[in-house]
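Enquirer: Handing over entry_34.txt, compact mmCIF, C-alpha atoms.
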```txt
# COMPACT_ATOMS: atom_id res chain seq x y z
CA MET V 1 -8.29 28.86 -7.21
CA MET V 2 -6.99 27.63 -10.55
CA LEU V 3 -8.57 24.71 -12.42
CA LEU V 4 -6.17 22.39 -14.24
CA GLU V 5 -6.65 19.64 -16.80
CA VAL V 6 -4.92 16.44 -15.67
CA ALA V 7 -4.32 13.18 -17.57
CA VAL V 8 -4.20 10.37 -15.00
CA THR V 9 -2.16 7.19 -15.38
CA ALA V 10 -5.19 4.93 -15.46
CA PRO V 11 -7.02 3.14 -18.28
CA VAL V 12 -9.49 6.00 -18.86
CA ARG V 13 -9.86 7.93 -22.10
CA GLN V 14 -10.78 11.36 -20.77
CA THR V 15 -8.88 13.95 -18.77
CA TYR V 16 -10.07 15.31 -15.44
CA THR V 17 -10.24 18.73 -13.84
CA TYR V 18 -8.57 19.36 -10.50
CA SER V 19 -8.07 22.53 -8.52
CA ALA V 20 -4.78 23.96 -7.37
CA ASP V 21 -5.45 25.25 -3.87
CA GLU V 22 -3.31 27.65 -1.83
CA ASP V 23 -0.86 24.88 -0.86
CA ASN V 24 -0.14 23.99 -4.50
CA LEU V 25 -0.63 27.38 -6.18
CA LEU V 26 2.03 28.43 -8.69
CA ASP V 27 2.23 31.72 -10.59
CA SER V 28 0.41 30.64 -13.77
CA GLU V 29 -1.05 27.57 -15.41
CA LEU V 30 2.06 27.32 -17.59
CA ASP V 31 4.06 26.60 -14.43
CA TYR V 32 2.11 23.35 -14.06
CA VAL V 33 2.32 22.02 -17.62
CA GLY V 34 4.45 18.89 -17.90
CA LYS V 35 4.70 18.24 -14.19
CA ARG V 36 3.51 15.12 -12.45
CA VAL V 37 0.80 15.69 -9.86
CA LEU V 38 -0.69 13.41 -7.24
CA VAL V 39 -4.48 13.53 -7.42
CA PRO V 40 -7.36 11.72 -5.71
CA PHE V 41 -8.96 9.26 -8.12
CA GLY V 42 -11.79 7.21 -6.71
CA ARG V 43 -10.59 5.65 -3.47
CA ARG V 44 -6.88 5.97 -4.18
CA PRO V 45 -4.37 8.62 -5.13
CA LEU V 46 -2.92 8.45 -8.65
CA ILE V 47 -0.13 10.14 -10.53
CA GLY V 48 -1.29 12.38 -13.33
CA TYR V 49 0.24 14.89 -15.71
CA ALA V 50 -0.78 18.55 -15.70
CA LEU V 51 -1.77 19.62 -19.22
CA GLY V 52 -2.66 23.24 -18.53
CA LYS V 53 -5.68 25.30 -17.63
CA SER V 54 -8.96 23.41 -17.73
CA ARG V 55 -11.52 24.40 -20.34
CA LEU V 56 -14.23 23.51 -17.85
CA GLY V 57 -15.90 26.49 -16.19
CA GLU V 58 -18.09 26.39 -13.12
CA SER V 59 -19.35 22.87 -12.66
CA GLU V 60 -22.12 21.06 -10.87
CA PHE V 61 -19.55 18.39 -9.98
CA GLN V 62 -17.26 18.57 -7.00
CA ILE V 63 -13.78 19.46 -8.19
CA LYS V 64 -11.14 17.84 -6.03
CA PRO V 65 -7.82 19.49 -5.22
CA ILE V 66 -4.40 18.37 -6.37
CA LEU V 67 -2.78 16.57 -3.43
CA LYS V 68 0.83 17.27 -4.35
CA ILE V 69 2.98 18.60 -7.16
CA MET V 70 5.62 15.90 -7.60
CA ASP V 71 8.24 17.78 -9.62
CA GLU V 72 10.11 21.08 -9.60
CA VAL V 73 10.74 21.00 -13.33
CA PRO V 74 8.40 19.80 -16.09
CA TYR V 75 9.03 16.53 -17.92
CA PHE V 76 7.51 17.75 -21.17
CA GLN V 77 6.66 21.05 -22.82
CA ALA V 78 3.22 22.43 -23.67
CA GLU V 79 4.05 22.05 -27.37
CA GLN V 80 4.28 18.25 -26.97
CA ILE V 81 0.74 17.85 -25.63
CA SER V 82 -0.89 17.98 -29.07
CA PHE V 83 1.42 15.16 -30.20
CA PHE V 84 0.52 13.08 -27.12
CA ARG V 85 -3.19 13.68 -27.83
CA TRP V 86 -2.73 12.62 -31.46
CA VAL V 87 -0.97 9.39 -30.40
CA ALA V 88 -3.73 8.67 -27.85
CA ASP V 89 -6.43 9.19 -30.48
CA TYR V 90 -4.63 7.28 -33.23
CA TYR V 91 -3.89 4.23 -31.08
CA HIS V 92 -7.09 4.48 -29.00
CA TYR V 93 -4.99 4.55 -25.84
CA PRO V 94 -5.47 6.64 -22.66
CA LEU V 95 -3.64 9.97 -22.76
CA GLY V 96 -2.10 9.60 -19.30
CA LEU V 97 -0.65 6.22 -20.25
CA VAL V 98 0.66 7.59 -23.56
CA ILE V 99 2.54 10.30 -21.66
CA LYS V 100 3.82 7.81 -19.09
CA THR V 101 5.10 5.56 -21.90
CA ALA V 102 6.77 8.47 -23.70
CA LEU V 103 8.73 9.56 -20.64
CA PRO V 104 11.89 7.84 -19.36
CA GLY V 105 11.34 4.85 -17.09
CA GLY V 106 11.74 5.07 -13.34
CA LEU V 107 9.65 8.21 -12.86
CA THR V 108 6.66 6.41 -11.41
CA ALA V 109 7.01 5.92 -7.68
CA ARG V 110 6.54 2.37 -6.54
CA THR V 111 4.51 1.81 -3.43
CA SER V 112 5.16 -0.89 -0.92
CA LYS V 113 3.58 -1.91 2.34
CA THR V 114 5.64 -2.10 5.48
CA ILE V 115 4.78 -3.32 8.94
CA SER V 116 5.81 -1.16 11.88
CA LEU V 117 4.99 -0.92 15.55
CA THR V 118 2.58 1.71 16.78
CA GLU V 119 3.35 3.80 19.84
CA LYS V 120 1.25 1.41 21.92
CA GLY V 121 2.88 -1.62 20.28
CA SER V 122 6.39 -0.36 21.01
CA LYS V 123 5.64 -0.55 24.74
CA VAL V 124 4.93 -4.29 24.46
CA THR V 125 7.76 -6.82 24.62
CA VAL V 126 8.01 -10.16 22.83
CA GLU V 127 7.64 -11.89 26.20
CA ASP V 128 4.15 -10.36 26.58
CA LEU V 129 2.95 -12.12 23.43
CA PRO V 130 1.51 -15.64 23.13
CA GLN V 131 4.31 -18.19 22.65
CA ASN V 132 3.14 -19.32 19.20
CA ILE V 133 3.40 -15.73 17.90
CA ALA V 134 6.53 -14.70 19.82
CA ALA V 135 8.51 -17.63 18.38
CA LYS V 136 8.17 -16.40 14.78
CA SER V 137 11.29 -14.84 13.32
CA TRP V 138 9.45 -11.91 11.76
CA VAL V 139 7.85 -11.03 15.11
CA VAL V 140 11.25 -11.04 16.83
CA GLU V 141 12.65 -8.83 14.06
CA LEU V 142 9.64 -6.49 14.25
CA PHE V 143 10.03 -5.99 17.98
CA SER V 144 13.81 -5.60 17.81
CA LYS V 145 13.89 -3.13 14.89
CA GLY V 146 10.46 -1.53 15.25
CA SER V 147 9.52 -2.25 11.63
CA LEU V 148 9.93 -4.77 8.83
CA GLY V 149 11.25 -4.05 5.36
CA SER V 150 8.94 -4.13 2.37
CA SER V 151 9.98 -7.60 1.19
CA GLU V 152 9.57 -9.15 4.64
CA SER V 153 6.25 -7.32 5.10
CA SER V 154 5.00 -8.64 1.76
CA LEU V 155 5.78 -12.21 2.80
CA VAL V 156 3.94 -11.80 6.11
CA ILE V 157 0.91 -10.14 4.51
CA SER V 158 0.60 -12.74 1.74
CA ALA V 159 0.96 -15.89 3.90
CA LYS V 160 -2.42 -16.87 5.35
CA GLU V 161 -1.17 -18.11 8.73
CA GLU V 162 1.25 -15.20 9.13
CA ARG V 163 -1.50 -12.74 8.21
CA ALA V 164 -3.70 -14.20 10.96
CA ASP V 165 -0.90 -13.64 13.48
CA LEU V 166 -0.41 -10.10 12.18
CA ASP V 167 -4.14 -9.43 12.56
CA ASN V 168 -3.88 -10.73 16.14
CA LEU V 169 -1.06 -8.24 16.82
CA ILE V 170 -3.05 -5.42 15.20
CA THR V 171 -6.04 -6.06 17.49
CA ARG V 172 -3.67 -5.90 20.47
CA GLY V 173 -2.50 -2.49 19.32
```
Represent the supplied structure as structure tokens.

Expert:
Amino acid sequence: MMLLEVAVTAPVRQTYTYSADEDNLLDSELDYVGKRVLVPFGRRPLIGYALGKSRLGESEFQIKPILKIMDEVPYFQAEQISFFRWVADYYHYPLGLVIKTALPGGLTARTSKTISLTEKGSKVTVEDLPQNIAAKSWVVELFSKGSLGSSESSLVISAKEERADLDNLITRG
């Protein structure tokens, strides 16, 4: 098991230590430097940047594993890390956000919520639903296509009445 120092893209000043388990193990710590990694951070996964081998030895804290290495090639070299640290210190800005800002735009994956039928839900037809729900255009589209796109899903989730109907469908399976 190799311990790596990771700067997460969150408003925190320190770096964190994560382990590279067998699924994410590369030949040396230099193979990780400059690559984006997906790591657990609190209750959600976050993108971080591998900075190299962690200086932390055995710890009383639980060290969580890297969930996924996002890139085949690094986005920055080990020699650039000292510059990123200097910028973070000088401007009193989190290291992970300094690195994110320094890199070209479009590298951060955007997440979106979509609504799709479960296996149980795909066995139900629109006719089996209450009339007030079955008459909605998004419900008809959901049952005809099996899922809704991210923009349509966002509208359904954000509208109070539509969300109540969605919750009704979720309880039905």

Enquirer: What does the distance from atom CA of Gln62 of chain V to atom CA of Val98 of chain V come to in Å, to one decimal?

Expert: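 About the pair atom CA of Gln62 of chain V and atom CA of Val98 of chain V: they are 26.8 Å apart.
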
Enquirer: Could you state the separation of atom CA of Pro130 of chain V and atom CA of Asp165 of chain V in Å, given to one decimal place?

Expert: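 Distance between the two atoms: 10.1 Å.
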
Enquirer: Contacts of Leu4 of chain V at 8 Å or less, counting all atoms listed in the file, minus same-chain residues fewer than 2 places along, as a ChimeraX atom specification?

Expert: /V:2,6,17-20,29,50-54

Enquirer: Restricting the calculation to all atoms listed in the file: of V:Tyr49, V:Phe76, V:Val126, V:Ser82, which residue gets closest to Pro104 of chain V?

Expert: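 Among the listed residues, the smallest separation from Pro104 of chain V belongs to V:Phe76.
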
Enquirer: Could you tell me how far atom CA of Asp31 of chain V sits from atom CA of Glu5 of chain V, in Å to one decimal place?

Expert: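 About the pair atom CA of Glu5 of chain V and atom CA of Asp31 of chain V: they are 13.0 Å apart.
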